[in-house]
$ cat data_10.cif   # mmCIF, N, CA and C atoms
data_upload
loop_
_atom_site.label_atom_id
_atom_site.label_comp_id
_atom_site.auth_asym_id
_atom_site.auth_seq_id
_atom_site.Cartn_x
_atom_site.Cartn_y
_atom_site.Cartn_z
N MET A 1 -96.16 95.84 52.86
CA MET A 1 -95.47 94.66 52.39
C MET A 1 -95.79 94.43 50.92
N SER A 2 -94.79 94.01 50.20
CA SER A 2 -94.95 93.73 48.78
C SER A 2 -95.43 92.30 48.62
N SER A 3 -96.00 92.05 47.47
CA SER A 3 -96.43 90.69 47.19
C SER A 3 -95.21 89.81 46.96
N ALA A 4 -95.39 88.53 47.13
CA ALA A 4 -94.28 87.58 47.00
C ALA A 4 -93.70 87.60 45.59
N SER A 5 -94.57 87.69 44.60
CA SER A 5 -94.07 87.69 43.21
C SER A 5 -93.33 88.99 42.90
N ASP A 6 -93.79 90.12 43.47
CA ASP A 6 -93.10 91.40 43.27
C ASP A 6 -91.71 91.37 43.92
N CYS A 7 -91.64 90.81 45.13
CA CYS A 7 -90.35 90.68 45.81
C CYS A 7 -89.40 89.79 45.03
N GLN A 8 -89.93 88.66 44.56
CA GLN A 8 -89.10 87.72 43.82
C GLN A 8 -88.63 88.34 42.51
N SER A 9 -89.47 89.12 41.84
CA SER A 9 -89.05 89.74 40.57
C SER A 9 -88.00 90.82 40.82
N LYS A 10 -88.11 91.59 41.90
CA LYS A 10 -87.08 92.58 42.24
C LYS A 10 -85.75 91.89 42.53
N TYR A 11 -85.83 90.81 43.29
CA TYR A 11 -84.62 90.06 43.62
C TYR A 11 -84.01 89.44 42.37
N GLN A 12 -84.85 88.92 41.48
CA GLN A 12 -84.36 88.31 40.24
C GLN A 12 -83.71 89.36 39.34
N SER A 13 -84.27 90.57 39.28
CA SER A 13 -83.64 91.61 38.46
C SER A 13 -82.30 92.04 39.06
N ALA A 14 -82.19 92.06 40.40
CA ALA A 14 -80.91 92.36 41.05
C ALA A 14 -79.90 91.26 40.74
N LEU A 15 -80.34 90.01 40.75
CA LEU A 15 -79.46 88.89 40.40
C LEU A 15 -79.00 88.99 38.95
N ASN A 16 -79.92 89.33 38.04
CA ASN A 16 -79.56 89.46 36.64
C ASN A 16 -78.51 90.55 36.42
N LEU A 17 -78.67 91.67 37.12
CA LEU A 17 -77.70 92.75 37.03
C LEU A 17 -76.34 92.30 37.58
N TYR A 18 -76.36 91.60 38.70
CA TYR A 18 -75.12 91.08 39.30
C TYR A 18 -74.41 90.16 38.32
N TRP A 19 -75.15 89.22 37.74
CA TRP A 19 -74.51 88.27 36.83
C TRP A 19 -74.04 88.95 35.54
N GLY A 20 -74.69 90.03 35.16
CA GLY A 20 -74.22 90.82 34.01
C GLY A 20 -72.87 91.46 34.29
N VAL A 21 -72.71 92.02 35.49
CA VAL A 21 -71.43 92.62 35.87
C VAL A 21 -70.36 91.54 36.02
N VAL A 22 -70.71 90.40 36.56
CA VAL A 22 -69.77 89.28 36.65
C VAL A 22 -69.33 88.85 35.25
N GLY A 23 -70.27 88.79 34.32
CA GLY A 23 -69.94 88.45 32.94
C GLY A 23 -69.00 89.47 32.31
N ALA A 24 -69.24 90.76 32.59
CA ALA A 24 -68.34 91.81 32.07
C ALA A 24 -66.94 91.65 32.65
N SER A 25 -66.86 91.30 33.92
CA SER A 25 -65.57 91.09 34.56
C SER A 25 -64.84 89.89 33.95
N LEU A 26 -65.55 88.81 33.74
CA LEU A 26 -64.95 87.65 33.09
C LEU A 26 -64.53 87.95 31.66
N GLY A 27 -65.35 88.74 30.97
CA GLY A 27 -65.00 89.15 29.61
C GLY A 27 -63.73 89.98 29.56
N LEU A 28 -63.58 90.89 30.54
CA LEU A 28 -62.36 91.69 30.62
C LEU A 28 -61.14 90.81 30.86
N THR A 29 -61.29 89.82 31.71
CA THR A 29 -60.20 88.89 31.98
C THR A 29 -59.82 88.13 30.71
N LEU A 30 -60.81 87.63 30.00
CA LEU A 30 -60.55 86.90 28.76
C LEU A 30 -59.92 87.81 27.71
N LEU A 31 -60.43 89.03 27.58
CA LEU A 31 -59.89 89.99 26.63
C LEU A 31 -58.42 90.30 26.96
N ASN A 32 -58.13 90.52 28.23
CA ASN A 32 -56.76 90.79 28.64
C ASN A 32 -55.86 89.59 28.34
N LEU A 33 -56.36 88.41 28.60
CA LEU A 33 -55.58 87.21 28.32
C LEU A 33 -55.27 87.09 26.83
N VAL A 34 -56.28 87.25 26.01
CA VAL A 34 -56.11 87.08 24.57
C VAL A 34 -55.24 88.20 24.00
N VAL A 35 -55.53 89.44 24.36
CA VAL A 35 -54.81 90.57 23.78
C VAL A 35 -53.38 90.64 24.28
N CYS A 36 -53.20 90.63 25.59
CA CYS A 36 -51.86 90.85 26.16
C CYS A 36 -50.97 89.62 26.10
N ARG A 37 -51.53 88.48 26.30
CA ARG A 37 -50.70 87.27 26.38
C ARG A 37 -50.49 86.58 25.04
N ILE A 38 -51.43 86.78 24.11
CA ILE A 38 -51.35 86.03 22.86
C ILE A 38 -51.10 86.96 21.67
N CYS A 39 -51.99 87.93 21.44
CA CYS A 39 -51.91 88.73 20.23
C CYS A 39 -50.79 89.76 20.24
N LEU A 40 -50.64 90.50 21.32
CA LEU A 40 -49.69 91.61 21.36
C LEU A 40 -48.46 91.32 22.20
N ARG A 41 -48.17 90.09 22.48
CA ARG A 41 -47.07 89.74 23.38
C ARG A 41 -45.75 90.35 22.93
N ASN A 42 -45.36 90.17 21.69
CA ASN A 42 -44.08 90.69 21.21
C ASN A 42 -44.09 92.22 21.12
N TYR A 43 -45.23 92.78 20.71
CA TYR A 43 -45.34 94.24 20.63
C TYR A 43 -45.19 94.87 22.02
N LEU A 44 -45.84 94.28 23.01
CA LEU A 44 -45.77 94.84 24.35
C LEU A 44 -44.38 94.70 24.95
N ARG A 45 -43.68 93.64 24.62
CA ARG A 45 -42.31 93.48 25.11
C ARG A 45 -41.39 94.56 24.56
N SER A 46 -41.63 94.96 23.33
CA SER A 46 -40.79 96.01 22.74
C SER A 46 -41.28 97.41 23.08
N ASN A 47 -42.47 97.54 23.64
CA ASN A 47 -43.04 98.83 24.03
C ASN A 47 -43.57 98.74 25.46
N PRO A 48 -42.68 98.73 26.45
CA PRO A 48 -43.13 98.53 27.83
C PRO A 48 -44.02 99.65 28.38
N LYS A 49 -43.89 100.87 27.85
CA LYS A 49 -44.78 101.95 28.32
C LYS A 49 -46.22 101.66 27.92
N VAL A 50 -46.41 101.17 26.71
CA VAL A 50 -47.76 100.82 26.25
C VAL A 50 -48.30 99.67 27.10
N ALA A 51 -47.45 98.69 27.38
CA ALA A 51 -47.86 97.56 28.21
C ALA A 51 -48.27 98.03 29.60
N SER A 52 -47.54 98.98 30.15
CA SER A 52 -47.90 99.47 31.49
C SER A 52 -49.25 100.18 31.45
N ARG A 53 -49.48 100.97 30.42
CA ARG A 53 -50.77 101.68 30.31
C ARG A 53 -51.93 100.71 30.18
N ILE A 54 -51.75 99.68 29.36
CA ILE A 54 -52.81 98.68 29.19
C ILE A 54 -53.10 97.99 30.51
N HIS A 55 -52.06 97.59 31.24
CA HIS A 55 -52.28 96.89 32.50
C HIS A 55 -52.85 97.81 33.58
N PHE A 56 -52.41 99.07 33.62
CA PHE A 56 -53.00 100.01 34.58
C PHE A 56 -54.48 100.24 34.27
N GLY A 57 -54.80 100.41 32.98
CA GLY A 57 -56.19 100.64 32.61
C GLY A 57 -57.08 99.44 32.91
N ALA A 58 -56.63 98.26 32.49
CA ALA A 58 -57.42 97.05 32.74
C ALA A 58 -57.51 96.77 34.24
N GLY A 59 -56.41 97.00 34.97
CA GLY A 59 -56.42 96.78 36.42
C GLY A 59 -57.36 97.73 37.12
N GLY A 60 -57.38 98.99 36.70
CA GLY A 60 -58.30 99.96 37.29
C GLY A 60 -59.75 99.60 37.05
N ILE A 61 -60.05 99.19 35.82
CA ILE A 61 -61.43 98.77 35.51
C ILE A 61 -61.79 97.53 36.33
N LYS A 62 -60.86 96.60 36.45
CA LYS A 62 -61.11 95.36 37.20
C LYS A 62 -61.36 95.68 38.68
N ILE A 63 -60.57 96.59 39.25
CA ILE A 63 -60.78 96.98 40.64
C ILE A 63 -62.14 97.64 40.81
N LEU A 64 -62.50 98.52 39.88
CA LEU A 64 -63.82 99.15 39.94
C LEU A 64 -64.94 98.11 39.87
N LEU A 65 -64.80 97.14 38.96
CA LEU A 65 -65.81 96.08 38.87
C LEU A 65 -65.87 95.26 40.16
N GLY A 66 -64.70 95.00 40.77
CA GLY A 66 -64.69 94.26 42.03
C GLY A 66 -65.41 95.01 43.14
N ILE A 67 -65.18 96.31 43.21
CA ILE A 67 -65.87 97.12 44.23
C ILE A 67 -67.37 97.13 43.98
N LEU A 68 -67.75 97.26 42.71
CA LEU A 68 -69.18 97.26 42.38
C LEU A 68 -69.82 95.90 42.67
N ILE A 69 -69.11 94.83 42.38
CA ILE A 69 -69.65 93.49 42.65
C ILE A 69 -69.83 93.29 44.15
N LEU A 70 -68.92 93.83 44.94
CA LEU A 70 -69.00 93.67 46.40
C LEU A 70 -70.02 94.60 47.04
N SER A 71 -70.39 95.67 46.36
CA SER A 71 -71.27 96.65 47.01
C SER A 71 -72.56 96.88 46.24
N ALA A 72 -72.54 97.77 45.29
CA ALA A 72 -73.76 98.24 44.64
C ALA A 72 -74.50 97.16 43.87
N PHE A 73 -73.77 96.25 43.24
CA PHE A 73 -74.44 95.24 42.42
C PHE A 73 -74.61 93.90 43.12
N HIS A 74 -74.20 93.81 44.38
CA HIS A 74 -74.39 92.54 45.09
C HIS A 74 -75.86 92.42 45.47
N PRO A 75 -76.55 91.38 45.00
CA PRO A 75 -78.00 91.29 45.22
C PRO A 75 -78.35 91.01 46.68
N ALA A 76 -79.41 91.63 47.08
CA ALA A 76 -79.95 91.40 48.43
C ALA A 76 -81.47 91.37 48.31
N CYS A 77 -82.06 90.61 49.18
CA CYS A 77 -83.51 90.52 49.19
C CYS A 77 -84.08 91.87 49.64
N PRO A 78 -85.06 92.42 48.92
CA PRO A 78 -85.65 93.70 49.33
C PRO A 78 -86.23 93.60 50.75
N SER A 79 -86.17 94.70 51.47
CA SER A 79 -86.67 94.68 52.85
C SER A 79 -88.16 94.41 52.86
N GLY A 80 -88.56 93.63 53.84
CA GLY A 80 -89.96 93.25 53.97
C GLY A 80 -90.36 92.09 53.09
N CYS A 81 -89.41 91.45 52.48
CA CYS A 81 -89.69 90.34 51.56
C CYS A 81 -88.98 89.08 52.03
N THR A 82 -89.52 87.97 51.60
CA THR A 82 -88.85 86.69 51.79
C THR A 82 -88.52 86.17 50.40
N CYS A 83 -87.23 86.07 50.13
CA CYS A 83 -86.79 85.66 48.80
C CYS A 83 -86.31 84.22 48.83
N TYR A 84 -86.48 83.56 47.72
CA TYR A 84 -86.04 82.19 47.57
C TYR A 84 -84.87 82.16 46.60
N GLY A 85 -83.93 81.36 46.89
CA GLY A 85 -82.74 81.29 46.06
C GLY A 85 -81.53 81.69 46.89
N ARG A 86 -80.42 81.32 46.39
CA ARG A 86 -79.18 81.55 47.12
C ARG A 86 -78.55 82.87 46.71
N THR A 87 -78.14 83.66 47.68
CA THR A 87 -77.44 84.91 47.42
C THR A 87 -75.98 84.59 47.08
N PRO A 88 -75.44 85.20 46.04
CA PRO A 88 -74.05 84.92 45.66
C PRO A 88 -73.07 85.29 46.78
N SER A 89 -72.00 84.57 46.84
CA SER A 89 -70.95 84.81 47.83
C SER A 89 -70.18 86.08 47.50
N TYR A 90 -69.50 86.60 48.49
CA TYR A 90 -68.63 87.76 48.28
C TYR A 90 -67.25 87.34 47.75
N ALA A 91 -67.00 86.05 47.68
CA ALA A 91 -65.67 85.56 47.28
C ALA A 91 -65.28 86.02 45.89
N TYR A 92 -66.21 86.00 44.93
CA TYR A 92 -65.85 86.38 43.57
C TYR A 92 -65.43 87.84 43.50
N GLY A 93 -66.12 88.71 44.22
CA GLY A 93 -65.74 90.13 44.24
C GLY A 93 -64.34 90.33 44.78
N VAL A 94 -63.98 89.56 45.81
CA VAL A 94 -62.64 89.65 46.37
C VAL A 94 -61.61 89.15 45.35
N ILE A 95 -61.93 88.08 44.66
CA ILE A 95 -61.02 87.56 43.63
C ILE A 95 -60.82 88.59 42.52
N VAL A 96 -61.89 89.27 42.13
CA VAL A 96 -61.79 90.30 41.10
C VAL A 96 -60.87 91.44 41.57
N LEU A 97 -61.02 91.85 42.82
CA LEU A 97 -60.14 92.89 43.37
C LEU A 97 -58.68 92.45 43.35
N VAL A 98 -58.41 91.23 43.76
CA VAL A 98 -57.04 90.72 43.78
C VAL A 98 -56.46 90.69 42.36
N ILE A 99 -57.25 90.25 41.39
CA ILE A 99 -56.77 90.22 40.00
C ILE A 99 -56.47 91.65 39.52
N GLY A 100 -57.35 92.59 39.85
CA GLY A 100 -57.12 93.98 39.47
C GLY A 100 -55.85 94.54 40.08
N ILE A 101 -55.60 94.22 41.34
CA ILE A 101 -54.38 94.68 42.01
C ILE A 101 -53.15 94.05 41.35
N LEU A 102 -53.24 92.77 41.01
CA LEU A 102 -52.12 92.10 40.34
C LEU A 102 -51.84 92.71 38.97
N TRP A 103 -52.90 93.08 38.24
CA TRP A 103 -52.70 93.72 36.95
C TRP A 103 -52.04 95.09 37.12
N CYS A 104 -52.43 95.84 38.15
CA CYS A 104 -51.78 97.13 38.41
C CYS A 104 -50.31 96.91 38.78
N LYS A 105 -50.04 95.88 39.56
CA LYS A 105 -48.64 95.56 39.89
C LYS A 105 -47.86 95.23 38.63
N ARG A 106 -48.48 94.50 37.73
CA ARG A 106 -47.83 94.18 36.45
C ARG A 106 -47.58 95.47 35.65
N GLY A 107 -48.51 96.42 35.75
CA GLY A 107 -48.30 97.72 35.11
C GLY A 107 -47.09 98.43 35.68
N PHE A 108 -46.92 98.39 37.02
CA PHE A 108 -45.73 98.97 37.64
C PHE A 108 -44.46 98.25 37.18
N ASP A 109 -44.54 96.94 37.06
CA ASP A 109 -43.39 96.18 36.59
C ASP A 109 -42.99 96.60 35.17
N TRP A 110 -43.99 96.78 34.30
CA TRP A 110 -43.70 97.22 32.94
C TRP A 110 -43.14 98.63 32.94
N LEU A 111 -43.64 99.48 33.82
CA LEU A 111 -43.12 100.85 33.92
C LEU A 111 -41.66 100.83 34.35
N LYS A 112 -41.34 99.93 35.25
CA LYS A 112 -39.95 99.77 35.71
C LYS A 112 -39.06 99.29 34.55
N VAL A 113 -39.56 98.36 33.76
CA VAL A 113 -38.81 97.89 32.59
C VAL A 113 -38.59 99.03 31.61
N ALA A 114 -39.62 99.86 31.42
CA ALA A 114 -39.49 101.00 30.51
C ALA A 114 -38.43 101.97 31.00
N ALA A 115 -38.43 102.24 32.30
CA ALA A 115 -37.44 103.16 32.86
C ALA A 115 -36.03 102.57 32.74
N GLU A 116 -35.90 101.28 32.98
CA GLU A 116 -34.59 100.63 32.86
C GLU A 116 -34.10 100.62 31.42
N SER A 117 -35.02 100.43 30.48
CA SER A 117 -34.60 100.41 29.08
C SER A 117 -34.18 101.80 28.61
N VAL A 118 -34.84 102.84 29.09
CA VAL A 118 -34.44 104.20 28.76
C VAL A 118 -33.08 104.49 29.38
N ALA A 119 -32.89 104.10 30.63
CA ALA A 119 -31.60 104.30 31.29
C ALA A 119 -30.51 103.50 30.59
N GLY A 120 -30.83 102.30 30.15
CA GLY A 120 -29.86 101.46 29.44
C GLY A 120 -29.46 102.07 28.12
N VAL A 121 -30.41 102.68 27.41
CA VAL A 121 -30.10 103.32 26.13
C VAL A 121 -29.21 104.53 26.37
N GLU A 122 -29.52 105.32 27.41
CA GLU A 122 -28.70 106.48 27.71
C GLU A 122 -27.29 106.06 28.10
N ASN A 123 -27.17 105.00 28.90
CA ASN A 123 -25.85 104.51 29.28
C ASN A 123 -25.10 103.98 28.07
N ALA A 124 -25.80 103.31 27.17
CA ALA A 124 -25.16 102.80 25.96
C ALA A 124 -24.66 103.96 25.11
N ASN A 125 -25.44 105.02 25.00
CA ASN A 125 -25.01 106.19 24.25
C ASN A 125 -23.81 106.85 24.91
N ASP A 126 -23.82 106.92 26.23
CA ASP A 126 -22.68 107.48 26.95
C ASP A 126 -21.43 106.65 26.71
N ASP A 127 -21.58 105.33 26.72
CA ASP A 127 -20.44 104.44 26.48
C ASP A 127 -19.89 104.63 25.07
N ASP A 128 -20.79 104.80 24.09
CA ASP A 128 -20.35 105.03 22.72
C ASP A 128 -19.55 106.32 22.61
N ASP A 129 -19.98 107.37 23.29
CA ASP A 129 -19.25 108.64 23.27
C ASP A 129 -17.87 108.47 23.88
N ASP A 130 -17.78 107.71 24.97
CA ASP A 130 -16.49 107.48 25.62
C ASP A 130 -15.56 106.70 24.69
N LYS A 131 -16.10 105.71 23.97
CA LYS A 131 -15.28 104.94 23.05
C LYS A 131 -14.75 105.81 21.93
N GLN A 132 -15.62 106.69 21.43
CA GLN A 132 -15.19 107.58 20.37
C GLN A 132 -14.12 108.54 20.87
N ALA A 133 -14.30 109.02 22.08
CA ALA A 133 -13.33 109.94 22.66
C ALA A 133 -11.99 109.23 22.86
N VAL A 134 -12.04 107.97 23.29
CA VAL A 134 -10.81 107.23 23.51
C VAL A 134 -10.13 106.95 22.19
N THR A 135 -10.88 106.56 21.17
CA THR A 135 -10.26 106.27 19.88
C THR A 135 -9.76 107.52 19.19
N ALA A 136 -10.30 108.68 19.54
CA ALA A 136 -9.86 109.93 18.92
C ALA A 136 -8.58 110.47 19.54
N VAL A 137 -8.17 109.94 20.67
CA VAL A 137 -6.93 110.38 21.33
C VAL A 137 -5.77 109.90 20.49
N PRO A 138 -4.88 110.79 20.16
CA PRO A 138 -3.74 110.39 19.32
C PRO A 138 -2.85 109.37 20.00
N SER A 139 -2.31 108.51 19.23
CA SER A 139 -1.39 107.49 19.78
C SER A 139 0.02 108.03 19.79
N SER A 140 0.91 107.33 20.45
CA SER A 140 2.31 107.77 20.54
C SER A 140 3.02 107.66 19.20
N GLU A 141 2.50 106.83 18.30
CA GLU A 141 3.13 106.66 16.99
C GLU A 141 2.95 107.90 16.14
N MET A 142 1.83 108.63 16.38
CA MET A 142 1.55 109.80 15.57
C MET A 142 2.43 110.99 15.95
N VAL A 143 2.93 111.00 17.14
CA VAL A 143 3.69 112.15 17.61
C VAL A 143 5.09 112.13 17.14
#

$ encode --input "data_10.cif" --output "structure tokens"
Amino acid sequence: MSSASDCQSKYQSALNLYWGVVGASLGLTLLNLVVCRICLRNYLRSNPKVASRIHFGAGGIKILLGILILSAFHPACPSGCTCYGRTPSYAYGVIVLVIGILWCKRGFDWLKVAAESVAGVENANDDDDDKQAVTAVPSSEMV
């Protein structure tokens, strides 16, 4: 059996690591909010492929952080010890996973917009060719 102070210090270091990962997750959320919603809003609207990549990347990192918060970094009292203090809930890890999934869904939405805009440009080019072909047809007055 470990001493009480050794057990408490191990548990406290696990808690510190957990709160560090939670802070990183919150920082990613804030960074995504500031960058995507405020700073690059117009740029991302005109470049939906870039927007999809940003959201897929941030969503993937967020999902990874959620899994780590729920598993490897979730603090637990070392075996054979009695720890004092409250163990964090699993709710935040689940919320992080849901946010990551929503960001990935937003990435798919941006990818869909990119595909539609490419298809729209191709259709517009096709329409222009048809108009030129129609206007190039001789009229009855010329004959």

$ resolve_selection --input "data_10.cif" --expression "the PyMOL selection byres (((chain A and resi 82 and name CA) around 10) and name CA)" --output "PyMOL selection string"
chain A and resi 2-4+7-8+11+77-81+83-85

$ atom_distance --input "data_10.cif" --atom1 "atom C of Thr87 (chain A)" --atom2 "atom C of Ala14 (chain A)"
10.0 Å

$ axis_aligned_box --input "data_10.cif" --around "region 47-50 of chain A" --padding-each-side "3 Å" --output "AutoDock Vina command-line options"
--center_x -45.4 --center_y 99.7 --center_z 26.0 --size_x 11.8 --size_y 10.4 --size_z 10.7

$ residues_around --input "data_10.cif" --residues "region 24-28 of chain A" --least-positions-apart "6" --cutoff "8 Å" --atoms "all atoms listed in the file" --output "list in words"
Tyr18, Val34, Ala58, Ile61, Lys62, Leu65, Gly66 and Val96 of chain A

$ select_by_dssp --input "data_10.cif" --residues "region 7-142 of chain A" --states "alpha helix (DSSP H)" --output "ChimeraX atom specification"
/A:7-32,41-46,48-70,91-136

$ closest_residue --input "data_10.cif" --among "A:Lys10, A:Arg45, A:Gly60, A:Ile69" --to "Ala91 (chain A)" --atoms "only C-alpha atoms"
A:Ile69

$ atom_distance --input "data_10.cif" --atom1 "atom N of Arg37 (chain A)" --atom2 "atom C of Trp103 (chain A)"
12.7 Å

$ atom_distance --input "data_10.cif" --atom1 "CA of Val21 (chain A)" --atom2 "CA of Ile67 (chain A)"
11.0 Å

$ resolve_selection --input "data_10.cif" --expression "the PyMOL selection byres (((chain A and resi 104 and name CA) around 6) and name CA)" --output "compact mmCIF listing (two decimals) with N, CA and C atoms, in the coordinates of the input"
# COMPACT_ATOMS: atom_id res chain seq x y z
N HIS A 55 -52.06 97.59 31.24
CA HIS A 55 -52.28 96.89 32.50
C HIS A 55 -52.85 97.81 33.58
N PHE A 56 -52.41 99.07 33.62
CA PHE A 56 -53.00 100.01 34.58
C PHE A 56 -54.48 100.24 34.27
N GLY A 59 -56.41 97.00 34.97
CA GLY A 59 -56.42 96.78 36.42
C GLY A 59 -57.36 97.73 37.12
N ILE A 101 -55.60 94.22 41.34
CA ILE A 101 -54.38 94.68 42.01
C ILE A 101 -53.15 94.05 41.35
N LEU A 102 -53.24 92.77 41.01
CA LEU A 102 -52.12 92.10 40.34
C LEU A 102 -51.84 92.71 38.97
N TRP A 103 -52.90 93.08 38.24
CA TRP A 103 -52.70 93.72 36.95
C TRP A 103 -52.04 95.09 37.12
N LYS A 105 -50.04 95.88 39.56
CA LYS A 105 -48.64 95.56 39.89
C LYS A 105 -47.86 95.23 38.63
N ARG A 106 -48.48 94.50 37.73
CA ARG A 106 -47.83 94.18 36.45
C ARG A 106 -47.58 95.47 35.65
N GLY A 107 -48.51 96.42 35.75
CA GLY A 107 -48.30 97.72 35.11
C GLY A 107 -47.09 98.43 35.68

$ resolve_selection --input "data_10.cif" --expression "the PyMOL selection byres (((chain A and resi 51 and name CA) around 10) and name CA)" --output "ChimeraX atom specification"
/A:36,40-41,43-50,52-57,106-111,114

$ closest_residue --input "data_10.cif" --among "A:Pro75, A:Val113, A:Val22, A:Cys39" --to "Ile95 (chain A)" --atoms "only C-alpha atoms"
A:Val22
